[in-house]
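As provided, structure.cif (mmCIF, C-alpha atoms) reads as follows.
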```
data_entry
loop_
_atom_site.group_PDB
_atom_site.id
_atom_site.type_symbol
_atom_site.label_atom_id
_atom_site.label_comp_id
_atom_site.auth_asym_id
_atom_site.auth_seq_id
_atom_site.Cartn_x
_atom_site.Cartn_y
_atom_site.Cartn_z
ATOM 1 C CA MET A 307 -27.434 79.363 237.559
ATOM 2 C CA ASP A 308 -27.638 77.515 240.905
ATOM 3 C CA PHE A 309 -26.378 73.940 240.608
ATOM 4 C CA ARG A 310 -26.647 73.120 244.293
ATOM 5 C CA PRO A 311 -28.654 69.924 244.917
ATOM 6 C CA ARG A 312 -32.141 70.523 246.257
ATOM 7 C CA ALA A 313 -33.433 68.784 249.349
ATOM 8 C CA PRO A 314 -35.897 65.952 248.724
ATOM 9 C CA ARG A 315 -39.505 67.131 248.677
ATOM 10 C CA ARG A 316 -41.614 66.216 251.706
ATOM 11 C CA SER A 317 -44.934 64.530 251.001
ATOM 12 C CA VAL A 318 -48.164 65.488 252.782
ATOM 13 C CA LEU A 319 -51.514 63.737 252.383
ATOM 14 C CA ALA A 320 -54.669 65.672 253.358
ATOM 15 C CA VAL A 321 -57.927 63.708 253.615
ATOM 16 C CA ASN A 322 -61.308 65.352 254.289
ATOM 17 C CA VAL A 323 -59.612 68.742 254.756
ATOM 18 C CA ASP A 324 -61.839 71.501 253.377
ATOM 19 C CA GLU A 325 -60.663 74.636 251.604
ATOM 20 C CA ALA A 326 -61.046 76.905 254.638
ATOM 21 C CA LEU A 327 -58.826 74.680 256.761
ATOM 22 C CA PHE A 328 -56.314 74.180 253.976
ATOM 23 C CA GLU A 329 -55.981 77.957 253.668
ATOM 24 C CA LYS A 330 -54.804 78.039 257.292
ATOM 25 C CA LEU A 331 -52.032 75.597 256.404
ATOM 26 C CA ALA A 332 -51.203 77.093 253.011
ATOM 27 C CA PRO A 333 -48.359 79.379 254.213
ATOM 28 C CA LEU A 334 -46.542 76.272 255.427
ATOM 29 C CA LEU A 335 -47.404 73.816 252.645
ATOM 30 C CA ASN A 336 -47.358 76.025 249.548
ATOM 31 C CA ARG A 337 -43.603 75.807 249.189
ATOM 32 C CA GLU A 338 -41.300 74.089 246.731
ATOM 33 C CA GLU A 339 -40.183 71.473 249.245
ATOM 34 C CA PHE A 340 -43.694 70.082 249.806
ATOM 35 C CA GLU A 341 -45.708 67.796 247.588
ATOM 36 C CA VAL A 342 -49.338 67.804 248.764
ATOM 37 C CA ASP A 343 -52.059 65.358 247.740
ATOM 38 C CA ARG A 344 -55.645 66.141 248.761
ATOM 39 C CA PHE A 345 -58.575 63.736 248.820
ATOM 40 C CA PRO A 346 -62.105 64.650 249.951
ATOM 41 C CA ARG A 347 -62.918 61.005 250.729
ATOM 42 C CA ALA A 348 -60.884 58.404 252.603
ATOM 43 C CA SER A 349 -61.712 55.540 250.235
ATOM 44 C CA ALA A 350 -60.000 57.393 247.378
ATOM 45 C CA ALA A 351 -56.865 57.921 249.490
ATOM 46 C CA LEU A 352 -56.492 54.274 250.497
ATOM 47 C CA ASP A 353 -54.961 53.288 247.161
ATOM 48 C CA LEU A 354 -52.235 55.923 247.546
ATOM 49 C CA VAL A 355 -51.329 55.049 251.145
ATOM 50 C CA SER A 356 -51.156 51.363 250.226
ATOM 51 C CA ARG A 357 -48.460 52.090 247.606
ATOM 52 C CA VAL A 358 -46.531 55.198 248.654
ATOM 53 C CA THR A 359 -44.759 56.330 251.814
ATOM 54 C CA VAL A 360 -46.128 59.713 252.944
ATOM 55 C CA ASP A 361 -44.230 61.928 255.390
ATOM 56 C CA VAL A 362 -47.292 63.302 257.224
ATOM 57 C CA LEU A 363 -51.037 62.575 257.054
ATOM 58 C CA LEU A 364 -53.657 65.223 257.886
ATOM 59 C CA ILE A 365 -57.095 63.671 258.454
ATOM 60 C CA GLY A 366 -60.354 65.539 259.032
ATOM 61 C CA TYR A 367 -62.646 63.913 261.615
ATOM 62 C CA PRO A 368 -65.102 62.301 261.156
ATOM 63 C CA LEU A 369 -64.478 60.759 257.753
ATOM 64 C CA PRO A 370 -67.482 60.935 255.405
ATOM 65 C CA ASP A 371 -67.290 57.484 253.828
ATOM 66 C CA VAL A 372 -65.472 54.979 256.064
ATOM 67 C CA SER A 373 -65.042 54.547 259.806
ATOM 68 C CA THR A 374 -62.036 56.363 261.222
ATOM 69 C CA GLN A 375 -60.683 53.226 262.903
ATOM 70 C CA SER A 376 -60.882 51.099 259.753
ATOM 71 C CA PHE A 377 -58.995 53.809 257.849
ATOM 72 C CA LEU A 378 -56.352 53.973 260.577
ATOM 73 C CA ASP A 379 -56.049 50.176 260.622
ATOM 74 C CA ALA A 380 -55.322 50.184 256.875
ATOM 75 C CA ILE A 381 -52.638 52.868 257.270
ATOM 76 C CA ARG A 382 -50.991 51.073 260.209
ATOM 77 C CA ALA A 383 -51.141 47.585 258.686
ATOM 78 C CA ILE A 384 -47.850 45.702 258.980
ATOM 79 C CA ASP A 385 -47.206 45.865 255.217
ATOM 80 C CA SER A 386 -48.345 49.488 254.788
ATOM 81 C CA PRO A 387 -45.736 51.978 253.458
ATOM 82 C CA CYS A 388 -47.302 54.552 255.836
ATOM 83 C CA ARG A 389 -47.143 52.368 258.938
ATOM 84 C CA GLN A 390 -44.689 54.776 260.640
ATOM 85 C CA SER A 391 -45.920 58.046 259.095
ATOM 86 C CA PRO A 392 -47.023 60.682 261.663
ATOM 87 C CA LEU A 393 -50.778 61.412 261.562
ATOM 88 C CA LEU A 394 -52.635 64.507 262.750
ATOM 89 C CA LEU A 395 -56.388 64.206 263.334
ATOM 90 C CA LEU A 396 -58.335 67.453 262.963
ATOM 91 C CA ALA A 397 -61.737 67.745 264.659
ATOM 92 C CA HIS A 398 -64.210 70.425 265.702
ATOM 93 C CA GLU A 399 -63.894 71.555 269.313
ATOM 94 C CA ASP A 400 -67.087 69.762 270.355
ATOM 95 C CA GLU A 401 -65.647 66.497 268.946
ATOM 96 C CA LEU A 402 -62.145 66.760 270.431
ATOM 97 C CA GLU A 403 -62.808 64.476 273.402
ATOM 98 C CA GLU A 404 -64.320 61.846 271.123
ATOM 99 C CA SER A 405 -61.474 62.077 268.606
ATOM 100 C CA ARG A 406 -58.737 61.793 271.242
ATOM 101 C CA ARG A 407 -59.644 58.145 271.796
ATOM 102 C CA PHE A 408 -57.785 57.413 268.542
ATOM 103 C CA ILE A 409 -54.446 58.594 269.977
ATOM 104 C CA GLY A 410 -52.267 55.511 270.240
ATOM 105 C CA ARG A 411 -54.596 53.664 267.882
ATOM 106 C CA GLY A 412 -53.076 55.123 264.734
ATOM 107 C CA VAL A 413 -53.202 58.850 265.560
ATOM 108 C CA ASN A 414 -50.188 60.782 266.844
ATOM 109 C CA GLU A 415 -51.858 64.097 267.658
ATOM 110 C CA VAL A 416 -55.320 65.733 267.683
ATOM 111 C CA MET A 417 -56.057 69.418 267.151
ATOM 112 C CA ALA A 418 -59.164 71.567 266.850
ATOM 113 C CA LEU A 419 -60.216 72.796 263.425
ATOM 114 C CA GLU A 420 -60.940 76.162 265.050
ATOM 115 C CA ASP A 421 -57.369 76.545 266.314
ATOM 116 C CA THR A 422 -55.243 79.419 265.045
ATOM 117 C CA PRO A 423 -53.297 79.026 261.784
ATOM 118 C CA ALA A 424 -50.027 79.428 263.707
ATOM 119 C CA HIS A 425 -50.865 76.558 266.073
ATOM 120 C CA LEU A 426 -51.976 74.286 263.225
ATOM 121 C CA GLN A 427 -48.838 75.039 261.206
ATOM 122 C CA ALA A 428 -46.696 74.383 264.276
ATOM 123 C CA ALA A 429 -48.349 70.981 264.755
ATOM 124 C CA VAL A 430 -47.674 69.972 261.148
ATOM 125 C CA SER A 431 -44.079 71.192 261.458
ATOM 126 C CA ARG A 432 -43.597 69.052 264.573
ATOM 127 C CA LEU A 433 -44.820 65.974 262.758
ATOM 128 C CA LEU A 434 -42.649 66.701 259.733
ATOM 129 C CA ALA A 435 -39.675 66.962 262.058
ATOM 130 C CA VAL A 436 -40.221 63.430 263.388
ATOM 131 C CA ALA A 437 -41.136 61.784 260.093
ATOM 132 C CA PRO A 438 -38.746 58.808 259.856
ATOM 133 C CA ARG A 439 -37.101 59.671 256.540
ATOM 134 C CA SER A 440 -33.687 61.028 255.688
ATOM 135 C CA SER A 441 -31.826 62.084 252.596
ATOM 136 C CA LEU A 442 -29.292 59.448 251.588
ATOM 137 C CA ARG A 443 -27.253 59.586 248.426
ATOM 138 C CA THR A 444 -25.438 56.339 247.841
ATOM 139 C CA MET A 445 -25.171 53.863 245.005
ATOM 140 C CA VAL A 446 -27.614 50.971 245.054
ATOM 141 C CA ARG A 447 -27.281 47.762 243.052
ATOM 142 C CA ILE A 448 -30.681 46.616 241.772
ATOM 143 C CA VAL A 449 -31.548 43.305 240.158
ATOM 144 C CA VAL A 450 -35.046 43.358 238.646
ATOM 145 C CA ASN A 451 -36.828 40.148 237.737
ATOM 146 C CA ILE A 452 -38.213 40.426 234.194
ATOM 147 C CA GLY A 453 -40.024 37.401 232.858
ATOM 148 C CA GLU A 454 -37.572 34.509 232.923
ATOM 149 C CA GLY A 455 -34.538 36.787 233.048
ATOM 150 C CA ALA A 456 -33.148 39.585 235.171
ATOM 151 C CA ALA A 457 -31.860 43.120 234.621
ATOM 152 C CA LEU A 458 -28.953 44.542 236.637
ATOM 153 C CA GLU A 459 -28.779 48.278 237.197
ATOM 154 C CA MET A 460 -26.811 50.728 239.317
ATOM 155 C CA ALA A 461 -28.901 53.613 240.663
ATOM 156 C CA GLN A 462 -28.577 56.355 243.283
ATOM 157 C CA THR A 463 -30.760 56.653 246.355
ATOM 158 C CA GLU A 464 -32.357 60.052 247.051
ATOM 159 C CA ASN A 465 -33.975 59.373 250.410
ATOM 160 C CA LEU A 466 -34.590 56.510 252.769
ATOM 161 C CA SER A 467 -37.215 55.511 255.319
ATOM 162 C CA GLU A 468 -37.867 52.414 257.414
ATOM 163 C CA THR A 469 -40.242 51.123 254.760
ATOM 164 C CA GLY A 470 -38.538 52.015 251.492
ATOM 165 C CA MET A 471 -36.412 54.346 249.403
ATOM 166 C CA LEU A 472 -36.605 56.723 246.470
ATOM 167 C CA VAL A 473 -33.994 56.010 243.799
ATOM 168 C CA ARG A 474 -32.800 58.104 240.880
ATOM 169 C CA THR A 475 -32.517 55.825 237.854
ATOM 170 C CA GLY A 476 -32.422 55.936 234.068
ATOM 171 C CA GLU A 477 -34.748 52.941 233.791
ATOM 172 C CA VAL A 478 -38.166 53.119 235.453
ATOM 173 C CA TYR A 479 -39.797 49.725 235.906
ATOM 174 C CA PRO A 480 -43.562 49.061 236.050
ATOM 175 C CA LEU A 481 -45.449 49.360 239.334
ATOM 176 C CA GLY A 482 -45.383 46.043 241.149
ATOM 177 C CA SER A 483 -41.996 44.998 239.729
ATOM 178 C CA LYS A 484 -40.057 42.897 242.231
ATOM 179 C CA MET A 485 -36.330 43.263 242.737
ATOM 180 C CA SER A 486 -33.387 42.525 245.007
ATOM 181 C CA PHE A 487 -31.079 45.353 246.076
ATOM 182 C CA GLU A 488 -27.872 46.141 247.917
ATOM 183 C CA PHE A 489 -26.570 49.484 249.245
ATOM 184 C CA HIS A 490 -24.335 50.893 251.990
ATOM 185 C CA LEU A 491 -25.234 53.201 254.887
ATOM 186 C CA GLY A 492 -22.545 55.830 255.335
ATOM 187 C CA ALA A 493 -19.182 54.297 256.190
ATOM 188 C CA ASP A 494 -20.715 50.956 257.185
ATOM 189 C CA ARG A 495 -18.754 48.280 255.308
ATOM 190 C CA MET A 496 -21.523 45.680 255.478
ATOM 191 C CA PRO A 497 -24.213 46.368 252.852
ATOM 192 C CA ILE A 498 -27.962 46.455 253.408
ATOM 193 C CA ARG A 499 -29.501 43.678 251.321
ATOM 194 C CA GLY A 500 -33.127 42.847 250.713
ATOM 195 C CA GLU A 501 -36.045 42.557 248.335
ATOM 196 C CA GLY A 502 -38.426 45.292 247.266
ATOM 197 C CA GLU A 503 -41.296 46.323 245.035
ATOM 198 C CA VAL A 504 -41.821 49.398 242.843
ATOM 199 C CA VAL A 505 -44.737 51.319 244.379
ATOM 200 C CA ARG A 506 -44.547 54.686 242.621
ATOM 201 C CA HIS A 507 -42.901 56.666 239.822
ATOM 202 C CA THR A 508 -41.747 60.238 240.266
ATOM 203 C CA THR A 509 -43.893 62.919 238.628
ATOM 204 C CA PRO A 510 -42.210 64.863 235.788
ATOM 205 C CA GLY A 511 -42.439 68.594 236.342
ATOM 206 C CA ARG A 512 -43.276 68.215 240.039
ATOM 207 C CA GLU A 513 -40.182 66.401 241.245
ATOM 208 C CA ASN A 514 -36.547 67.063 240.437
ATOM 209 C CA VAL A 515 -35.765 63.350 240.272
ATOM 210 C CA ARG A 516 -36.474 60.820 237.543
ATOM 211 C CA GLY A 517 -36.885 57.580 239.348
ATOM 212 C CA MET A 518 -39.100 55.326 241.401
ATOM 213 C CA GLY A 519 -40.146 54.579 244.951
ATOM 214 C CA ILE A 520 -39.277 51.104 246.200
ATOM 215 C CA ARG A 521 -41.058 49.528 249.173
ATOM 216 C CA PHE A 522 -39.021 47.131 251.257
ATOM 217 C CA ILE A 523 -40.504 43.634 251.314
ATOM 218 C CA THR A 524 -37.656 42.076 253.291
ATOM 219 C CA LEU A 525 -34.338 43.258 254.727
ATOM 220 C CA GLU A 526 -31.750 40.573 255.445
ATOM 221 C CA ARG A 527 -30.389 39.832 258.909
ATOM 222 C CA ASP A 528 -30.319 43.031 261.038
ATOM 223 C CA GLY A 529 -30.989 45.334 258.067
ATOM 224 C CA LEU A 530 -34.101 46.969 259.567
ATOM 225 C CA LEU A 531 -32.358 47.717 262.877
ATOM 226 C CA ARG A 532 -29.427 49.279 261.035
ATOM 227 C CA VAL A 533 -31.725 51.438 258.896
ATOM 228 C CA GLN A 534 -33.627 52.574 262.014
ATOM 229 C CA ARG A 535 -30.357 53.439 263.764
ATOM 230 C CA PHE A 536 -29.159 55.390 260.722
ATOM 231 C CA LEU A 537 -32.409 57.401 260.610
ATOM 232 C CA ARG A 538 -32.202 58.228 264.325
ATOM 233 C CA GLU A 539 -28.613 59.401 263.994
ATOM 234 C CA LYS A 540 -29.465 61.605 260.984
ATOM 235 C CA LYS A 541 -32.163 63.558 262.846
#
```
Just dump the structure as structure tokens.
Amino acid sequence: MDFRPRAPRRSVLAVNVDEALFEKLAPLLNREEFEVDRFPRASAALDLVSRVTVDVLLIGYPLPDVSTQSFLDAIRAIDSPCRQSPLLLLAHEDELEESRRFIGRGVNEVMALEDTPAHLQAAVSRLLAVAPRSSLRTMVRIVVNIGEGAALEMAQTENLSETGMLVRTGEVYPLGSKMSFEFHLGADRMPIRGEGEVVRHTTPGRENVRGMGIRFITLERDGLLRVQRFLREKK
């Protein structure tokens, strides 16, 4: 039996991506290390991107139910967990020029739906490579506010991004629970301290971690700069 720890699964969100296009990407995405969520309509995906950090977003252009720019504005909002997530816009060849105007306005890259499977897979791989998230296993001290009291727990981080972290824990608190936390980055003696909110629970059977995703609400002092530096150095 193999007891080696598995790498954290990468999350991919596909919106308005039809079956034919998804089949082109399937050789890349149909692997154990990827967790893929698909939504035919953007409005249904907005709830997920408002609560969960996604590694890469694949968006078919044009969207059928909301304007592309309003969807991008929601993803790139200052309090969005997906504010820094790379985004690939997929458009038909005759709409490429029109779709490229969204580059720098929420879109990182644009590709043609008619492009070859190899080119499309390469584009997704590039974006996955720059997704600002890194595995980090360190102990984190969590204080959760419950009613008029508080619960103290020690947990272990699984991965870290600029906007939050996934923690392995024996106690999973309800979505929306607020907490304070403290953890160390590598050999750095000064801890990262801040406040966060539970935005997702891991899925039994699909993820090898029992725990919860915590979105950073605040990081004290230079905490954000130190997290960003740590992520750059881990690439």
Item checked: Who sits within 12 Å of Thr374 in chain A, only C-alpha atoms, same chain under 2 positions skipped, as a ChimeraX atom specification -> /A:321-322,347-349,365-372,376-381,395-397,404-409,411-413
Notebook entry, point to check: Where does the PyMOL selection byres ((chain A and resi 521) around 10) land in this file, that is, which residues does it pick, as an NGL selection string?
Noted result: :A and (357-359 or 385-387 or 467-472 or 482 or 484 or 501-506 or 518-520 or 522-524)
Note to self: Measuring between only C-alpha atoms, which one of A:Gly529, A:Pro480, A:Pro423, A:Pro392 shows the shortest distance to Val450 in chain A?
What the structure shows: A:Pro480
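With all atoms listed in the file as the basis for measurement, A:Asp343 is the residue among A:Asp361, A:Asp494, A:Glu464, A:Asp343 that approaches Phe328 in chain A most closely.
Comparing A:Ala350, A:Leu531, A:Leu364, A:Leu481 by their smallest distance to Leu335 in chain A, the closest is A:Leu364 (using all atoms listed in the file).
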Next item on the list: I need the residue set behind the PyMOL selection byres ((chain A and resi 418) around 6) for this file; please write it as a PyMOL selection string.
Entry: chain A and resi 396-399+417+419-421
Check: How far is it from CA of Val342 in chain A to CA of Leu354 in chain A, in Å with one decimal?
Finding: 12.3 Å
